[in-house]
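Listing of query.json, JSON, C-alpha atoms and all ligand atoms
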[["chain", "number", "residue", "atom", "x", "y", "z"],
["A", 1, "MET", "CA", 39.58, -11.11, -4.73],
["A", 2, "ALA", "CA", 37.95, -9.20, -1.90],
["A", 3, "SER", "CA", 34.55, -10.71, -2.76],
["A", 4, "GLY", "CA", 35.98, -14.17, -2.20],
["A", 5, "TYR", "CA", 35.33, -15.16, -5.85],
["A", 6, "SER", "CA", 38.27, -15.73, -8.22],
["A", 7, "SER", "CA", 38.36, -13.57, -11.37],
["A", 8, "ASN", "CA", 37.86, -16.73, -13.50],
["A", 9, "ALA", "CA", 34.76, -17.56, -11.54],
["A", 10, "LEU", "CA", 33.43, -14.03, -11.98],
["A", 11, "GLN", "CA", 34.02, -14.16, -15.76],
["A", 12, "ALA", "CA", 32.29, -17.53, -16.00],
["A", 13, "ILE", "CA", 29.34, -16.23, -14.00],
["A", 14, "ALA", "CA", 29.10, -13.06, -16.14],
["A", 15, "GLY", "CA", 28.93, -15.19, -19.31],
["A", 16, "THR", "CA", 26.15, -17.50, -18.13],
["A", 17, "GLY", "CA", 24.12, -15.31, -15.84],
["A", 18, "ALA", "CA", 24.26, -18.16, -13.31],
["A", 19, "VAL", "CA", 23.93, -17.33, -9.65],
["A", 20, "PRO", "CA", 27.15, -18.46, -7.98],
["A", 21, "GLU", "CA", 27.41, -20.49, -4.82],
["A", 22, "PRO", "CA", 28.49, -18.09, -2.09],
["A", 23, "PRO", "CA", 32.18, -18.46, -1.30],
["A", 24, "ALA", "CA", 32.99, -20.61, 1.70],
["A", 25, "LYS", "CA", 33.14, -18.45, 4.77],
["A", 26, "LEU", "CA", 36.49, -18.06, 6.46],
["A", 27, "LYS", "CA", 36.85, -20.10, 9.63],
["A", 28, "LEU", "CA", 38.99, -18.94, 12.52],
["A", 29, "TYR", "CA", 40.07, -21.37, 15.21],
["A", 30, "SER", "CA", 40.64, -19.12, 18.17],
["A", 31, "PHE", "CA", 40.64, -18.79, 21.94],
["A", 32, "TRP", "CA", 39.15, -15.59, 23.35],
["A", 33, "ARG", "CA", 42.06, -14.90, 25.71],
["A", 34, "SER", "CA", 44.82, -15.67, 23.19],
["A", 35, "SER", "CA", 46.72, -12.57, 22.07],
["A", 36, "CYS", "CA", 47.82, -14.36, 18.87],
["A", 37, "SER", "CA", 44.17, -15.04, 18.02],
["A", 38, "GLN", "CA", 43.24, -11.50, 18.96],
["A", 39, "ARG", "CA", 45.58, -10.08, 16.26],
["A", 40, "VAL", "CA", 43.83, -12.08, 13.61],
["A", 41, "ARG", "CA", 40.36, -11.14, 14.85],
["A", 42, "ILE", "CA", 41.41, -7.46, 14.72],
["A", 43, "ALA", "CA", 42.64, -7.83, 11.12],
["A", 44, "LEU", "CA", 39.52, -9.72, 10.00],
["A", 45, "ASN", "CA", 37.31, -7.05, 11.53],
["A", 46, "LEU", "CA", 39.35, -4.17, 10.09],
["A", 47, "LYS", "CA", 39.07, -5.76, 6.66],
["A", 48, "GLY", "CA", 35.34, -6.29, 7.12],
["A", 49, "LEU", "CA", 35.61, -10.05, 6.53],
["A", 50, "GLU", "CA", 32.92, -12.32, 7.88],
["A", 51, "TYR", "CA", 34.16, -15.48, 9.48],
["A", 52, "GLU", "CA", 32.93, -18.45, 11.40],
["A", 53, "TYR", "CA", 34.36, -18.49, 14.90],
["A", 54, "LYS", "CA", 35.57, -21.94, 15.96],
["A", 55, "PRO", "CA", 36.43, -21.85, 19.67],
["A", 56, "VAL", "CA", 39.40, -23.87, 20.88],
["A", 57, "ASN", "CA", 39.40, -23.85, 24.67],
["A", 58, "LEU", "CA", 43.04, -23.80, 25.74],
["A", 59, "LEU", "CA", 42.04, -24.18, 29.38],
["A", 60, "ALA", "CA", 40.52, -27.56, 28.43],
["A", 61, "ASN", "CA", 43.55, -28.44, 26.25],
["A", 62, "GLU", "CA", 41.39, -28.56, 23.13],
["A", 63, "GLN", "CA", 44.41, -27.48, 21.06],
["A", 64, "LYS", "CA", 45.66, -31.04, 21.55],
["A", 65, "ASP", "CA", 42.56, -32.66, 20.00],
["A", 66, "PRO", "CA", 43.55, -34.71, 16.93],
["A", 67, "GLU", "CA", 41.08, -32.76, 14.78],
["A", 68, "PHE", "CA", 42.79, -29.46, 15.62],
["A", 69, "GLU", "CA", 46.26, -30.99, 15.38],
["A", 70, "GLY", "CA", 45.32, -31.92, 11.80],
["A", 71, "LEU", "CA", 45.01, -28.18, 11.09],
["A", 72, "ASN", "CA", 48.03, -27.04, 13.06],
["A", 73, "PRO", "CA", 50.59, -29.73, 13.92],
["A", 74, "ILE", "CA", 52.28, -27.52, 16.52],
["A", 75, "LYS", "CA", 48.95, -27.27, 18.40],
["A", 76, "TYR", "CA", 48.68, -23.52, 18.87],
["A", 77, "VAL", "CA", 45.82, -21.16, 18.09],
["A", 78, "PRO", "CA", 45.05, -19.38, 15.83],
["A", 79, "ALA", "CA", 44.44, -21.29, 12.62],
["A", 80, "LEU", "CA", 42.56, -19.91, 9.64],
["A", 81, "VAL", "CA", 40.73, -21.95, 7.02],
["A", 82, "ASP", "CA", 39.92, -20.25, 3.71],
["A", 83, "GLY", "CA", 38.38, -22.79, 1.36],
["A", 84, "ASP", "CA", 41.07, -25.41, 0.78],
["A", 85, "THR", "CA", 43.77, -23.26, 2.36],
["A", 86, "VAL", "CA", 44.77, -23.78, 5.99],
["A", 87, "ILE", "CA", 47.18, -21.36, 7.62],
["A", 88, "ALA", "CA", 48.37, -21.45, 11.18],
["A", 89, "ASP", "CA", 50.59, -18.88, 12.89],
["A", 90, "SER", "CA", 49.17, -15.42, 13.34],
["A", 91, "PHE", "CA", 51.87, -13.56, 11.40],
["A", 92, "ALA", "CA", 51.47, -15.82, 8.37],
["A", 93, "ILE", "CA", 47.70, -15.41, 8.59],
["A", 94, "LEU", "CA", 47.97, -11.62, 8.71],
["A", 95, "LEU", "CA", 50.22, -11.55, 5.64],
["A", 96, "TYR", "CA", 47.88, -13.96, 3.82],
["A", 97, "LEU", "CA", 44.86, -11.77, 4.61],
["A", 98, "GLU", "CA", 46.79, -8.74, 3.38],
["A", 99, "ASP", "CA", 47.53, -10.47, 0.04],
["A", 100, "MET", "CA", 44.09, -11.94, -0.50],
["A", 101, "TYR", "CA", 41.88, -9.21, 0.92],
["A", 102, "PRO", "CA", 43.60, -5.88, 0.26],
["A", 103, "GLN", "CA", 40.79, -3.68, 1.65],
["A", 104, "HIS", "CA", 41.92, -1.69, 4.70],
["A", 105, "PRO", "CA", 45.65, -2.34, 4.09],
["A", 106, "LEU", "CA", 47.60, -3.33, 7.19],
["A", 107, "LEU", "CA", 50.93, -2.47, 5.59],
["A", 108, "PRO", "CA", 51.85, 1.01, 4.36],
["A", 109, "GLN", "CA", 53.20, 1.44, 0.81],
["A", 110, "ASP", "CA", 56.25, 3.36, 2.01],
["A", 111, "PRO", "CA", 59.08, 0.75, 2.27],
["A", 112, "GLN", "CA", 60.55, 2.17, 5.51],
["A", 113, "LYS", "CA", 57.19, 2.33, 7.27],
["A", 114, "ARG", "CA", 56.34, -1.11, 5.94],
["A", 115, "ALA", "CA", 59.59, -2.53, 7.29],
["A", 116, "LEU", "CA", 58.95, -0.88, 10.66],
["A", 117, "ASN", "CA", 55.53, -2.56, 10.87],
["A", 118, "ILE", "CA", 57.06, -5.94, 10.04],
["A", 119, "GLN", "CA", 59.94, -5.40, 12.46],
["A", 120, "ILE", "CA", 57.56, -4.59, 15.31],
["A", 121, "ALA", "CA", 55.26, -7.50, 14.46],
["A", 122, "SER", "CA", 58.28, -9.79, 14.46],
["A", 123, "ILE", "CA", 59.57, -8.46, 17.79],
["A", 124, "VAL", "CA", 56.18, -8.95, 19.44],
["A", 125, "GLY", "CA", 55.78, -12.37, 17.81],
["A", 126, "SER", "CA", 59.25, -13.72, 18.53],
["A", 127, "SER", "CA", 60.81, -11.70, 21.37],
["A", 128, "ILE", "CA", 57.85, -10.87, 23.62],
["A", 129, "GLN", "CA", 54.86, -13.21, 23.22],
["A", 130, "PRO", "CA", 56.65, -16.60, 23.27],
["A", 131, "LEU", "CA", 58.67, -15.62, 26.35],
["A", 132, "GLN", "CA", 55.63, -14.67, 28.41],
["A", 133, "ASN", "CA", 53.26, -17.37, 27.19],
["A", 134, "TYR", "CA", 51.83, -19.61, 29.84],
["A", 135, "PRO", "CA", 53.80, -22.82, 29.01],
["A", 136, "VAL", "CA", 57.00, -20.87, 29.81],
["A", 137, "PHE", "CA", 55.40, -19.18, 32.80],
["A", 138, "ASN", "CA", 54.18, -22.52, 34.18],
["A", 139, "PHE", "CA", 57.54, -24.19, 33.56],
["A", 140, "ILE", "CA", 59.38, -21.55, 35.61],
["A", 141, "LYS", "CA", 56.65, -21.56, 38.27],
["A", 142, "ASP", "CA", 56.96, -25.35, 38.64],
["A", 143, "LYS", "CA", 60.78, -25.38, 38.63],
["A", 144, "LEU", "CA", 61.21, -22.31, 40.85],
["A", 145, "ASP", "CA", 58.15, -20.40, 42.06],
["A", 146, "SER", "CA", 55.49, -18.02, 40.83],
["A", 147, "ASN", "CA", 57.44, -14.89, 41.91],
["A", 148, "GLU", "CA", 60.30, -15.91, 39.63],
["A", 149, "ALA", "CA", 57.82, -16.60, 36.83],
["A", 150, "VAL", "CA", 56.28, -13.13, 37.20],
["A", 151, "LYS", "CA", 59.73, -11.50, 37.23],
["A", 152, "TRP", "CA", 60.71, -13.42, 34.10],
["A", 153, "THR", "CA", 57.53, -12.39, 32.28],
["A", 154, "GLN", "CA", 57.80, -8.75, 33.28],
["A", 155, "HIS", "CA", 61.47, -8.63, 32.31],
["A", 156, "HIS", "CA", 60.74, -9.72, 28.74],
["A", 157, "ILE", "CA", 57.67, -7.53, 28.32],
["A", 158, "ASN", "CA", 59.61, -4.57, 29.70],
["A", 159, "ARG", "CA", 62.58, -5.22, 27.43],
["A", 160, "GLY", "CA", 60.40, -5.57, 24.34],
["A", 161, "PHE", "CA", 58.10, -2.64, 24.95],
["A", 162, "THR", "CA", 60.96, -0.32, 25.96],
["A", 163, "ALA", "CA", 62.55, -1.08, 22.59],
["A", 164, "LEU", "CA", 59.28, -0.52, 20.72],
["A", 165, "GLU", "CA", 58.85, 2.83, 22.43],
["A", 166, "LYS", "CA", 62.31, 3.89, 21.16],
["A", 167, "MET", "CA", 61.66, 2.60, 17.65],
["A", 168, "LEU", "CA", 58.41, 4.51, 17.39],
["A", 169, "LYS", "CA", 59.72, 7.78, 18.83],
["A", 170, "GLY", "CA", 58.97, 10.65, 16.52],
["A", 171, "CYS", "CA", 56.15, 8.92, 14.67],
["A", 172, "ASP", "CA", 53.65, 11.72, 14.30],
["A", 173, "THR", "CA", 50.60, 10.14, 12.67],
["A", 174, "THR", "CA", 47.56, 8.97, 14.61],
["A", 175, "TYR", "CA", 48.61, 5.31, 14.62],
["A", 176, "ALA", "CA", 52.41, 5.57, 14.55],
["A", 177, "THR", "CA", 52.98, 4.84, 10.83],
["A", 178, "GLY", "CA", 49.66, 6.03, 9.43],
["A", 179, "ASN", "CA", 46.29, 7.54, 10.21],
["A", 180, "GLU", "CA", 44.55, 4.18, 9.97],
["A", 181, "ILE", "CA", 45.25, 1.19, 12.23],
["A", 182, "GLN", "CA", 47.99, -0.96, 10.70],
["A", 183, "LEU", "CA", 49.86, -4.19, 11.34],
["A", 184, "LEU", "CA", 51.91, -2.94, 14.27],
["A", 185, "GLN", "CA", 48.76, -1.81, 16.07],
["A", 186, "SER", "CA", 46.85, -5.01, 15.43],
["A", 187, "ILE", "CA", 49.68, -7.15, 16.75],
["A", 188, "ARG", "CA", 50.24, -5.38, 20.03],
["A", 189, "SER", "CA", 48.20, -6.82, 22.83],
["A", 190, "LYS", "CA", 46.44, -5.27, 25.75],
["A", 191, "PHE", "CA", 47.27, -8.39, 27.74],
["A", 192, "TYR", "CA", 50.96, -7.51, 27.79],
["A", 193, "THR", "CA", 50.25, -3.96, 28.77],
["A", 194, "PHE", "CA", 47.93, -5.03, 31.57],
["A", 195, "THR", "CA", 50.79, -7.12, 32.95],
["A", 196, "LEU", "CA", 52.96, -4.02, 33.05],
["A", 197, "PRO", "CA", 50.54, -1.09, 33.44],
["A", 198, "LYS", "CA", 53.14, 1.59, 32.69],
["A", 199, "PHE", "CA", 52.88, 0.59, 29.03],
["A", 200, "LEU", "CA", 49.16, 1.37, 28.94],
["A", 201, "GLN", "CA", 50.31, 4.97, 28.72],
["A", 202, "GLN", "CA", 52.86, 4.24, 26.03],
["A", 203, "SER", "CA", 52.37, 6.86, 23.35],
["A", 204, "PRO", "CA", 52.48, 4.83, 20.12],
["A", 205, "PHE", "CA", 49.98, 2.31, 21.45],
["A", 206, "ARG", "CA", 47.54, 4.06, 23.71],
["A", 207, "LYS", "CA", 45.45, 5.57, 20.92],
["A", 208, "THR", "CA", 44.32, 2.14, 19.82],
["A", 209, "LYS", "CA", 43.08, 1.09, 23.23],
["A", 210, "SER", "CA", 39.45, 2.05, 22.64],
["A", 211, "ALA", "CA", 39.56, 1.48, 18.88],
["A", 212, "LEU", "CA", 40.52, -2.17, 19.35],
["A", 213, "SER", "CA", 38.72, -2.94, 22.57],
["A", 214, "GLU", "CA", 35.90, -4.82, 20.85],
["A", 215, "ASN", "CA", 38.26, -7.45, 19.41],
["A", 301, "LIG", "N1", 53.72, -18.15, 16.69],
["A", 301, "LIG", "C1", 52.39, -18.53, 16.99],
["A", 301, "LIG", "C2", 52.23, -18.67, 18.49],
["A", 301, "LIG", "C3", 50.83, -19.14, 18.85],
["A", 301, "LIG", "C4", 50.64, -19.29, 20.37],
["A", 301, "LIG", "O1", 51.57, -19.18, 21.16],
["A", 301, "LIG", "N2", 49.40, -19.52, 20.74],
["A", 301, "LIG", "C5", 49.08, -19.75, 22.14],
["A", 301, "LIG", "C6", 47.96, -18.83, 22.57],
["A", 301, "LIG", "S1", 48.42, -17.10, 22.37],
["A", 301, "LIG", "C7", 48.60, -21.17, 22.31],
["A", 301, "LIG", "O2", 47.89, -21.69, 21.48],
["A", 301, "LIG", "N3", 49.00, -21.83, 23.40],
["A", 301, "LIG", "C8", 48.59, -23.19, 23.65],
["A", 301, "LIG", "C9", 49.66, -23.98, 24.33],
["A", 301, "LIG", "O3", 50.68, -23.40, 24.67],
["A", 301, "LIG", "O4", 49.46, -25.18, 24.50],
["A", 301, "LIG", "C10", 51.40, -17.50, 16.42],
["A", 301, "LIG", "O5", 51.76, -16.32, 16.34],
["A", 301, "LIG", "O6", 50.29, -17.88, 16.02]]

What would the structure in this file look like if it were written as C-alpha cells?
Amino acid sequence: MASGYSSNALQAIAGTGAVPEPPAKLKLYSFWRSSCSQRVRIALNLKGLEYEYKPVNLLANEQKDPEFEGLNPIKYVPALVDGDTVIADSFAILLYLEDMYPQHPLLPQDPQKRALNIQIASIVGSSIQPLQNYPVFNFIKDKLDSNEAVKWTQHHINRGFTALEKMLKGCDTTYATGNEIQLLQSIRSKFYTFTLPKFLQQSPFRKTKSALSEN
C-alpha cells in the first residue's frame, strides 16, 4: 500500500496496461507552531510521504471555521485527509500512517519496546500536552495571573518529563528503543523542552534535536 494504490487497482492496471490516475495526495491540516501537528509532519517526512500542507492559523481562530469543523468536530489541528478517509487526533493519525504506509516503521516489533513507545506517546498526548496547551494557560492567566499559568505549565511538563526520563533509563540504542527514530521520538516536542530548558539535555531525547529540527 506504500505506493498509495490498492492491490486490486494494481492488478487491474497490470491486466490492461492502462496508466492509472495518480493517487490523491495526502492533505495535512496543520499549524506550524502546533506540537500535535509537528508529530504528524515528522512521521510523514520519516515515511517519505508527500502531502499537501493546508495551513490552519490558530492565532486567527481558523480552527473554528465551519469547513475545518466539518473535518474535525472538536476543532483542533492536526487533521489528515487520505482519499475518502479523514482522521483527526495526532495519535490516531500516527497509528493510521503506520498501518497504511509501513516504510520506516515508527513502532518496533519487540512487544515491550512497542508498548514503551505507545506508553510514552500516550503520556505526552494525555498527561503533558493538554495540560500546557494555550486554552488552559489562558484560562488560568485570566482567572489568576500569568505567573500562576507559567507555574502550572512548568509543573506538568516537569512531572511528565521527569517520569519519561525514568522510564527510558538504561535504553542503550541511539534513539532509546531503536537505532532509527521511532514513535516516542516523533511525539516529543521541542516546545515543551524550550519551556523547561533542563530537559533539552535529557538523554533519551537530545539526540533527536538536530535530526528533527527541520519538521
Ligand atoms: N489530542 C489532540 C490535541 C490537539 C490539540 O490540542 N491541538 C491544538 C494545537 S497543538 C489546537 O488545535 N488548539 C486549538 C485550540 O485550542 O483552539 C491531538 O493529539 O491531535

### Task
Tell me which protein, DNA and RNA residues are within 12 Å of A:Ala92, counting all atoms listed in the file, leaving out same-chain ones fewer than 5 positions away, and put them as a PyMOL selection string.
chain A and resi 36+39-40+78-80+86-87+97-99+118+121-122+125

Please identify the residues whose atoms come within 6 Å of ligand LIG 301 (chain A), using only C-alpha atoms and all ligand atoms, and report them as a PDB file with C-alpha atoms, in the coordinates of the input.
ATOM      1  CA  SER A  34      44.820 -15.670  23.190  1.00  0.00           C
ATOM      2  CA  SER A  35      46.720 -12.570  22.070  1.00  0.00           C
ATOM      3  CA  CYS A  36      47.820 -14.360  18.870  1.00  0.00           C
ATOM      4  CA  LEU A  58      43.040 -23.800  25.740  1.00  0.00           C
ATOM      5  CA  TYR A  76      48.680 -23.520  18.870  1.00  0.00           C
ATOM      6  CA  VAL A  77      45.820 -21.160  18.090  1.00  0.00           C
ATOM      7  CA  PRO A  78      45.050 -19.380  15.830  1.00  0.00           C
ATOM      8  CA  ASP A  89      50.590 -18.880  12.890  1.00  0.00           C
ATOM      9  CA  SER A  90      49.170 -15.420  13.340  1.00  0.00           C
ATOM     10  CA  PHE A  91      51.870 -13.560  11.400  1.00  0.00           C
ATOM     11  CA  GLY A 125      55.780 -12.370  17.810  1.00  0.00           C
ATOM     12  CA  PRO A 135      53.800 -22.820  29.010  1.00  0.00           C
TER      13      PRO A 135
END

Env of A:Leu46: 12 Å cut, atoms = all atoms listed in the file, seq-sep filter 5 positions within chain, self excluded. Answer as a PDB file with C-alpha atoms, keeping the file's coordinate frame.
ATOM      1  CA  ARG A  39      45.580 -10.080  16.260  1.00  0.00           C
ATOM      2  CA  VAL A  40      43.830 -12.080  13.610  1.00  0.00           C
ATOM      3  CA  ARG A  41      40.360 -11.140  14.850  1.00  0.00           C
ATOM      4  CA  LEU A  94      47.970 -11.620   8.710  1.00  0.00           C
ATOM      5  CA  LEU A  97      44.860 -11.770   4.610  1.00  0.00           C
ATOM      6  CA  GLU A  98      46.790  -8.740   3.380  1.00  0.00           C
ATOM      7  CA  TYR A 101      41.880  -9.210   0.920  1.00  0.00           C
ATOM      8  CA  PRO A 102      43.600  -5.880   0.260  1.00  0.00           C
ATOM      9  CA  GLN A 103      40.790  -3.680   1.650  1.00  0.00           C
ATOM     10  CA  HIS A 104      41.920  -1.690   4.700  1.00  0.00           C
ATOM     11  CA  PRO A 105      45.650  -2.340   4.090  1.00  0.00           C
ATOM     12  CA  LEU A 106      47.600  -3.330   7.190  1.00  0.00           C
ATOM     13  CA  GLU A 180      44.550   4.180   9.970  1.00  0.00           C
ATOM     14  CA  ILE A 181      45.250   1.190  12.230  1.00  0.00           C
ATOM     15  CA  GLN A 182      47.990  -0.960  10.700  1.00  0.00           C
ATOM     16  CA  LEU A 183      49.860  -4.190  11.340  1.00  0.00           C
ATOM     17  CA  GLN A 185      48.760  -1.810  16.070  1.00  0.00           C
ATOM     18  CA  SER A 186      46.850  -5.010  15.430  1.00  0.00           C
ATOM     19  CA  ALA A 211      39.560   1.480  18.880  1.00  0.00           C
ATOM     20  CA  LEU A 212      40.520  -2.170  19.350  1.00  0.00           C
ATOM     21  CA  GLU A 214      35.900  -4.820  20.850  1.00  0.00           C
ATOM     22  CA  ASN A 215      38.260  -7.450  19.410  1.00  0.00           C
TER      23      ASN A 215
END

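The space between atom CA of A:Asn57 and atom CA of A:Phe31 spans 5.9 Å.
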
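Atom CA of A:Val150 is found 7.5 Å from atom CA of A:Phe137.
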
### Message
Counting all atoms listed in the file, find residues at most 12 Å from (60.3, -9.8, 31.2) (file frame) and give them as a ChimeraX atom specification.
### Response
/A:127-133,136-137,148-162,192-193,195-196

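Interatomic distance, atom CA of A:Ser30 to atom CA of A:Tyr53: 7.1 Å.
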
### Message
With distances taken over all atoms listed in the file, which residue among A:Lys113, A:Ala88, A:Gly70, A:Ala60 lies nearest A:Tyr29?
### Response
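So, comparing all the options, the nearest one is A:Ala88.
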
N, CA and C atoms for stretch 147-176 of chain A, written as an mmCIF file, in the coordinates of the input, could you do that?
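So the final result, stored in rebuild-v8.cif, reads:
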data_model
loop_
_atom_site.group_PDB
_atom_site.id
_atom_site.type_symbol
_atom_site.label_atom_id
_atom_site.label_comp_id
_atom_site.auth_asym_id
_atom_site.auth_seq_id
_atom_site.Cartn_x
_atom_site.Cartn_y
_atom_site.Cartn_z
ATOM 1 N N ASN A 147 56.792 -16.209 41.917
ATOM 2 C CA ASN A 147 57.440 -14.890 41.910
ATOM 3 C C ASN A 147 58.489 -14.804 40.810
ATOM 4 N N GLU A 148 59.255 -15.884 40.676
ATOM 5 C CA GLU A 148 60.300 -15.910 39.630
ATOM 6 C C GLU A 148 59.638 -15.872 38.252
ATOM 7 N N ALA A 149 58.517 -16.571 38.123
ATOM 8 C CA ALA A 149 57.820 -16.600 36.830
ATOM 9 C C ALA A 149 57.304 -15.207 36.469
ATOM 10 N N VAL A 150 56.769 -14.492 37.454
ATOM 11 C CA VAL A 150 56.280 -13.130 37.200
ATOM 12 C C VAL A 150 57.450 -12.223 36.814
ATOM 13 N N LYS A 151 58.556 -12.353 37.542
ATOM 14 C CA LYS A 151 59.730 -11.500 37.230
ATOM 15 C C LYS A 151 60.232 -11.765 35.822
ATOM 16 N N TRP A 152 60.278 -13.037 35.447
ATOM 17 C CA TRP A 152 60.710 -13.420 34.100
ATOM 18 C C TRP A 152 59.808 -12.767 33.035
ATOM 19 N N THR A 153 58.503 -12.919 33.244
ATOM 20 C CA THR A 153 57.530 -12.390 32.280
ATOM 21 C C THR A 153 57.672 -10.877 32.155
ATOM 22 N N GLN A 154 57.724 -10.210 33.315
ATOM 23 C CA GLN A 154 57.800 -8.750 33.280
ATOM 24 C C GLN A 154 59.114 -8.276 32.649
ATOM 25 N N HIS A 155 60.185 -9.015 32.895
ATOM 26 C CA HIS A 155 61.470 -8.630 32.310
ATOM 27 C C HIS A 155 61.364 -8.605 30.774
ATOM 28 N N HIS A 156 60.776 -9.645 30.205
ATOM 29 C CA HIS A 156 60.740 -9.720 28.740
ATOM 30 C C HIS A 156 59.731 -8.755 28.125
ATOM 31 N N ILE A 157 58.626 -8.522 28.831
ATOM 32 C CA ILE A 157 57.670 -7.530 28.320
ATOM 33 C C ILE A 157 58.302 -6.133 28.402
ATOM 34 N N ASN A 158 58.962 -5.867 29.509
ATOM 35 C CA ASN A 158 59.610 -4.570 29.700
ATOM 36 C C ASN A 158 60.667 -4.328 28.628
ATOM 37 N N ARG A 159 61.507 -5.342 28.420
ATOM 38 C CA ARG A 159 62.580 -5.220 27.430
ATOM 39 C C ARG A 159 62.006 -4.950 26.029
ATOM 40 N N GLY A 160 60.982 -5.717 25.672
ATOM 41 C CA GLY A 160 60.400 -5.570 24.340
ATOM 42 C C GLY A 160 59.705 -4.227 24.154
ATOM 43 N N PHE A 161 58.863 -3.874 25.124
ATOM 44 C CA PHE A 161 58.100 -2.640 24.950
ATOM 45 C C PHE A 161 58.970 -1.387 25.087
ATOM 46 N N THR A 162 60.038 -1.464 25.882
ATOM 47 C CA THR A 162 60.960 -0.320 25.960
ATOM 48 C C THR A 162 61.605 -0.105 24.587
ATOM 49 N N ALA A 163 61.956 -1.191 23.931
ATOM 50 C CA ALA A 163 62.550 -1.080 22.590
ATOM 51 C C ALA A 163 61.531 -0.527 21.591
ATOM 52 N N LEU A 164 60.305 -1.018 21.665
ATOM 53 C CA LEU A 164 59.280 -0.520 20.720
ATOM 54 C C LEU A 164 59.055 0.978 20.903
ATOM 55 N N GLU A 165 59.042 1.397 22.157
ATOM 56 C CA GLU A 165 58.850 2.830 22.430
ATOM 57 C C GLU A 165 59.939 3.648 21.728
ATOM 58 N N LYS A 166 61.193 3.162 21.799
ATOM 59 C CA LYS A 166 62.310 3.890 21.160
ATOM 60 C C LYS A 166 62.146 3.878 19.640
ATOM 61 N N MET A 167 61.781 2.714 19.117
ATOM 62 C CA MET A 167 61.660 2.600 17.650
ATOM 63 C C MET A 167 60.569 3.505 17.088
ATOM 64 N N LEU A 168 59.545 3.735 17.904
ATOM 65 C CA LEU A 168 58.410 4.510 17.390
ATOM 66 C C LEU A 168 58.485 5.993 17.768
ATOM 67 N N LYS A 169 59.565 6.362 18.436
ATOM 68 C CA LYS A 169 59.720 7.780 18.830
ATOM 69 C C LYS A 169 59.715 8.659 17.586
ATOM 70 N N GLY A 170 58.979 9.728 17.652
ATOM 71 C CA GLY A 170 58.970 10.650 16.520
ATOM 72 C C GLY A 170 57.906 10.344 15.491
ATOM 73 N N CYS A 171 57.257 9.203 15.605
ATOM 74 C CA CYS A 171 56.150 8.920 14.670
ATOM 75 C C CYS A 171 55.027 9.903 14.985
ATOM 76 N N ASP A 172 54.573 10.634 13.974
ATOM 77 C CA ASP A 172 53.650 11.720 14.300
ATOM 78 C C ASP A 172 52.254 11.546 13.721
ATOM 79 N N THR A 173 51.962 10.361 13.169
ATOM 80 C CA THR A 173 50.600 10.140 12.670
ATOM 81 C C THR A 173 49.754 9.493 13.771
ATOM 82 N N THR A 174 48.468 9.431 13.550
ATOM 83 C CA THR A 174 47.560 8.970 14.610
ATOM 84 C C THR A 174 47.967 7.594 15.130
ATOM 85 N N TYR A 175 48.266 6.672 14.211
ATOM 86 C CA TYR A 175 48.610 5.310 14.620
ATOM 87 C C TYR A 175 50.052 4.965 14.262
ATOM 88 N N ALA A 176 50.969 5.799 14.676
ATOM 89 C CA ALA A 176 52.410 5.570 14.550
ATOM 90 C C ALA A 176 52.910 5.634 13.109
#
